[in-house]
Every structure is written in C-alpha cells, then in structure tokens.
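Asks: Below is a structure I'd like to ask you about.
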Amino acid sequence: MQKKPDTLPDIRQTKRLNAPIQKVWDAVSTAEGLAAWFMPNDMQPVVGHEFQLNAGPFGMSPCKVTQVDPPRRLSFTWGKDWSLTFELIDLDGQTEFTLIHSGWDIEAVTEFGESHALVRDRMNEGWVGLVKKLSTYVENE
C-alpha cells in the first residue's frame with residue numbers, strides 16, 4: 001500500500017528492554033504504568049474505552065482504545081489525528097518494544113494550532129526520551 005503524498009512518515013522507535021513481556025505490557029496497558037513514563041491518564045485496556053491523556057500545558061487530550069492483544073499490541077487514537085501503537089515481542093525474558101506514532105499529515109495542524117510537520121519533529125525527539133524513561137521504569141522497578 002502506497003502512502004498518500006500528503007502524509008509524513010510514522011514515528012517508529014524500537015528498543016530491546018531488559019524486562020519480561022508481562023512487565024512491559026503492564027507499563028503500556030494500564031493507567032498507572034503509562035503515567036509512570038508517559039502522561040497521567042485514565043486508560044483501561046478495553047477496546048472502545050475513551051480516556052484522557054493529561055498533556056500538561058496542552059491540556060487534556062481525548063483518546064480511544066482501538067486494539068488490545070495482550071501482551072503483544074495495544075493501539076489508541078490520540079487527539080483528532082493521531083494513533084499510538086505499542087508492539088511487544090517476547091525475547092526469552094527480554095522484550096522488544098516498538099512504538100508507532102501515526103497520523104501525520106503535511107497539511108494538518110494540531111488542536112493547538114501548530115503544523116504537523118513542526119510537531120512531528122519535536123515529538124520524534126520527545127519519544128526518544130520517553131522510550132528511555134519506559135526502559136528505566138521497567139528495568140529498575
């Protein structure tokens with residue numbers, strides 16, 4: 001499937017975590033786990049569950065769980081345009097974690113009035129730190 005010319009590439013980050021898959025799953029599929037490394041929220045790993053991410057200065061972001069396949073995959077919509085997916089692969093006591101942040105459109109602007117192109121670059125950098133924070137959380141808890 002070819003991507004539309006007006007879309008920007010997904011943000012994809014993959015990291016091997018020195019933690020069992022269930023521990024990583026709990027960190028990405030529960031409100032407490034997500035809050036520890038990402039943002040405060042009221043998420044539940046139930047397809048169709050609507051929840052809020054507390055994006056600090058950007059306010060509350062509406063989200064909706066779209067896919068739950070424990071302990072391998074969780075997806076949810078974020079705001080009006082984006083989708084986040086966490087994919088986990090069991091590696092014999094370790095876990096390969098992949099984050100996919102999609103929904104980038106060269107023509108679109110966010111709810112707070114910035115272009116997707118500008119925000120995508122900023123968030124790509126931000127995810128580096130967040131994935132590192134997830135790594136610290138699951139490897140040291």
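Residues in the structure tokens are numbered from 1 in each chain, the chains being A, B, ... in the order shown, and ligands are numbered from 1 in the order shown.
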Using only C-alpha atoms, determine which residues lie at most 12 Å from Val65 in chain A, disregarding the query and same-chain residues fewer than 2 positions distant; provide the list as a PyMOL selection string.

Replies: chain A and resi 29-30+42-52+62-63+67-69+73-79+83-86

Asks: Looking only at alpha helix (DSSP H) from DSSP on the backbone, list the matching residues of range 2-33 of chain A as a PyMOL selection string.

Replies: chain A and resi 21-29+31-33

Asks: Dump N, CA and C atoms for the selected residues as a tab-separated table (two decimals), in the first residue's frame?

Replies:
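Generated file (result01.tsv):
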```
chain	number	residue	atom	x	y	z
A	21	ILE	N	8.08	-9.61	29.13
A	21	ILE	CA	6.99	-9.01	28.34
A	21	ILE	C	5.80	-8.60	29.22
A	22	GLN	N	5.45	-9.38	30.23
A	22	GLN	CA	4.30	-9.02	31.06
A	22	GLN	C	4.54	-7.71	31.81
A	23	LYS	N	5.76	-7.51	32.26
A	23	LYS	CA	6.09	-6.26	32.97
A	23	LYS	C	5.98	-5.07	32.03
A	24	VAL	N	6.47	-5.25	30.79
A	24	VAL	CA	6.37	-4.17	29.80
A	24	VAL	C	4.91	-3.94	29.42
A	25	TRP	N	4.16	-5.03	29.26
A	25	TRP	CA	2.74	-4.91	28.94
A	25	TRP	C	2.02	-4.09	30.00
A	26	ASP	N	2.29	-4.38	31.27
A	26	ASP	CA	1.65	-3.63	32.36
A	26	ASP	C	2.03	-2.15	32.31
A	27	ALA	N	3.24	-1.85	31.84
A	27	ALA	CA	3.70	-0.46	31.76
A	27	ALA	C	3.05	0.31	30.61
A	28	VAL	N	2.56	-0.39	29.58
A	28	VAL	CA	1.96	0.31	28.44
A	28	VAL	C	0.45	0.15	28.38
A	29	SER	N	-0.12	-0.74	29.20
A	29	SER	CA	-1.56	-1.03	29.05
A	29	SER	C	-2.38	-0.70	30.29
A	31	ALA	N	-3.30	2.46	33.34
A	31	ALA	CA	-3.21	3.89	33.64
A	31	ALA	C	-1.98	4.18	34.52
A	32	GLU	N	-1.76	3.34	35.52
A	32	GLU	CA	-0.62	3.54	36.42
A	32	GLU	C	0.70	3.38	35.66
A	33	GLY	N	0.79	2.35	34.82
A	33	GLY	CA	2.00	2.13	34.06
A	33	GLY	C	2.30	3.28	33.11
```

Asks: Smallest atom-to-atom distance to Arg72 in chain A: which of A:Ile106, A:Leu130, A:Met123, A:Pro20, using only C-alpha atoms?

Replies: A:Pro20

Asks: Which neighbours of Thr7 in chain A fall inside 9 Å, counting only C-alpha atoms, when residues of the same chain fewer than 4 positions from it are skipped, and could you give them as a list in words?

Replies: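 Near neighbours after the sequence-gap exclusion: Lys3, Gly103, Trp104, Asp105, Ile106 and Glu107 of chain A.
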
Asks: With all heavy atoms retained, write the just-selected residues as an mmCIF file, in the first residue's frame.

Replies:
```cif
data_model
loop_
_atom_site.group_PDB
_atom_site.id
_atom_site.type_symbol
_atom_site.label_atom_id
_atom_site.label_comp_id
_atom_site.auth_asym_id
_atom_site.auth_seq_id
_atom_site.Cartn_x
_atom_site.Cartn_y
_atom_site.Cartn_z
ATOM 1 N N LYS A 3 1.761 5.152 0.540
ATOM 2 C CA LYS A 3 1.231 6.198 1.409
ATOM 3 C C LYS A 3 0.863 7.403 0.566
ATOM 4 O O LYS A 3 1.441 7.651 -0.486
ATOM 5 C CB LYS A 3 2.212 6.534 2.513
ATOM 6 C CG LYS A 3 3.434 7.296 2.100
ATOM 7 C CD LYS A 3 4.321 7.504 3.314
ATOM 8 C CE LYS A 3 5.470 8.412 2.987
ATOM 9 N NZ LYS A 3 5.217 9.802 3.158
ATOM 10 N N GLY A 103 -0.442 9.102 11.818
ATOM 11 C CA GLY A 103 -1.498 10.086 11.595
ATOM 12 C C GLY A 103 -0.978 11.465 11.242
ATOM 13 O O GLY A 103 -1.682 12.463 11.365
ATOM 14 N N TRP A 104 0.238 11.529 10.770
ATOM 15 C CA TRP A 104 0.859 12.811 10.421
ATOM 16 C C TRP A 104 0.470 13.227 9.008
ATOM 17 O O TRP A 104 0.641 12.480 8.074
ATOM 18 C CB TRP A 104 2.382 12.682 10.535
ATOM 19 C CG TRP A 104 2.811 12.289 11.905
ATOM 20 C CD1 TRP A 104 3.202 11.052 12.311
ATOM 21 C CD2 TRP A 104 2.867 13.116 13.050
ATOM 22 N NE1 TRP A 104 3.510 11.061 13.637
ATOM 23 C CE2 TRP A 104 3.304 12.326 14.131
ATOM 24 C CE3 TRP A 104 2.583 14.463 13.287
ATOM 25 C CZ2 TRP A 104 3.482 12.824 15.412
ATOM 26 C CZ3 TRP A 104 2.750 14.961 14.570
ATOM 27 C CH2 TRP A 104 3.202 14.152 15.618
ATOM 28 N N ASP A 105 -0.016 14.446 8.869
ATOM 29 C CA ASP A 105 -0.479 14.974 7.584
ATOM 30 C C ASP A 105 0.194 16.322 7.357
ATOM 31 O O ASP A 105 0.068 17.232 8.182
ATOM 32 C CB ASP A 105 -2.004 15.124 7.629
ATOM 33 C CG ASP A 105 -2.601 15.574 6.309
ATOM 34 O OD1 ASP A 105 -1.929 16.286 5.532
ATOM 35 O OD2 ASP A 105 -3.764 15.232 6.060
ATOM 36 N N ILE A 106 0.897 16.456 6.243
ATOM 37 C CA ILE A 106 1.662 17.671 5.946
ATOM 38 C C ILE A 106 0.773 18.918 5.934
ATOM 39 O O ILE A 106 1.210 20.017 6.230
ATOM 40 C CB ILE A 106 2.451 17.518 4.628
ATOM 41 C CG1 ILE A 106 3.551 18.562 4.533
ATOM 42 C CG2 ILE A 106 1.569 17.594 3.407
ATOM 43 C CD1 ILE A 106 4.905 17.987 4.710
ATOM 44 N N GLU A 107 -0.509 18.722 5.617
ATOM 45 C CA GLU A 107 -1.436 19.859 5.511
ATOM 46 C C GLU A 107 -2.111 20.205 6.836
ATOM 47 O O GLU A 107 -2.704 21.260 6.971
ATOM 48 C CB GLU A 107 -2.557 19.516 4.510
ATOM 49 C CG GLU A 107 -2.070 18.977 3.186
ATOM 50 C CD GLU A 107 -1.777 20.077 2.195
ATOM 51 O OE1 GLU A 107 -2.571 21.014 2.109
ATOM 52 O OE2 GLU A 107 -0.738 19.992 1.520
#
```
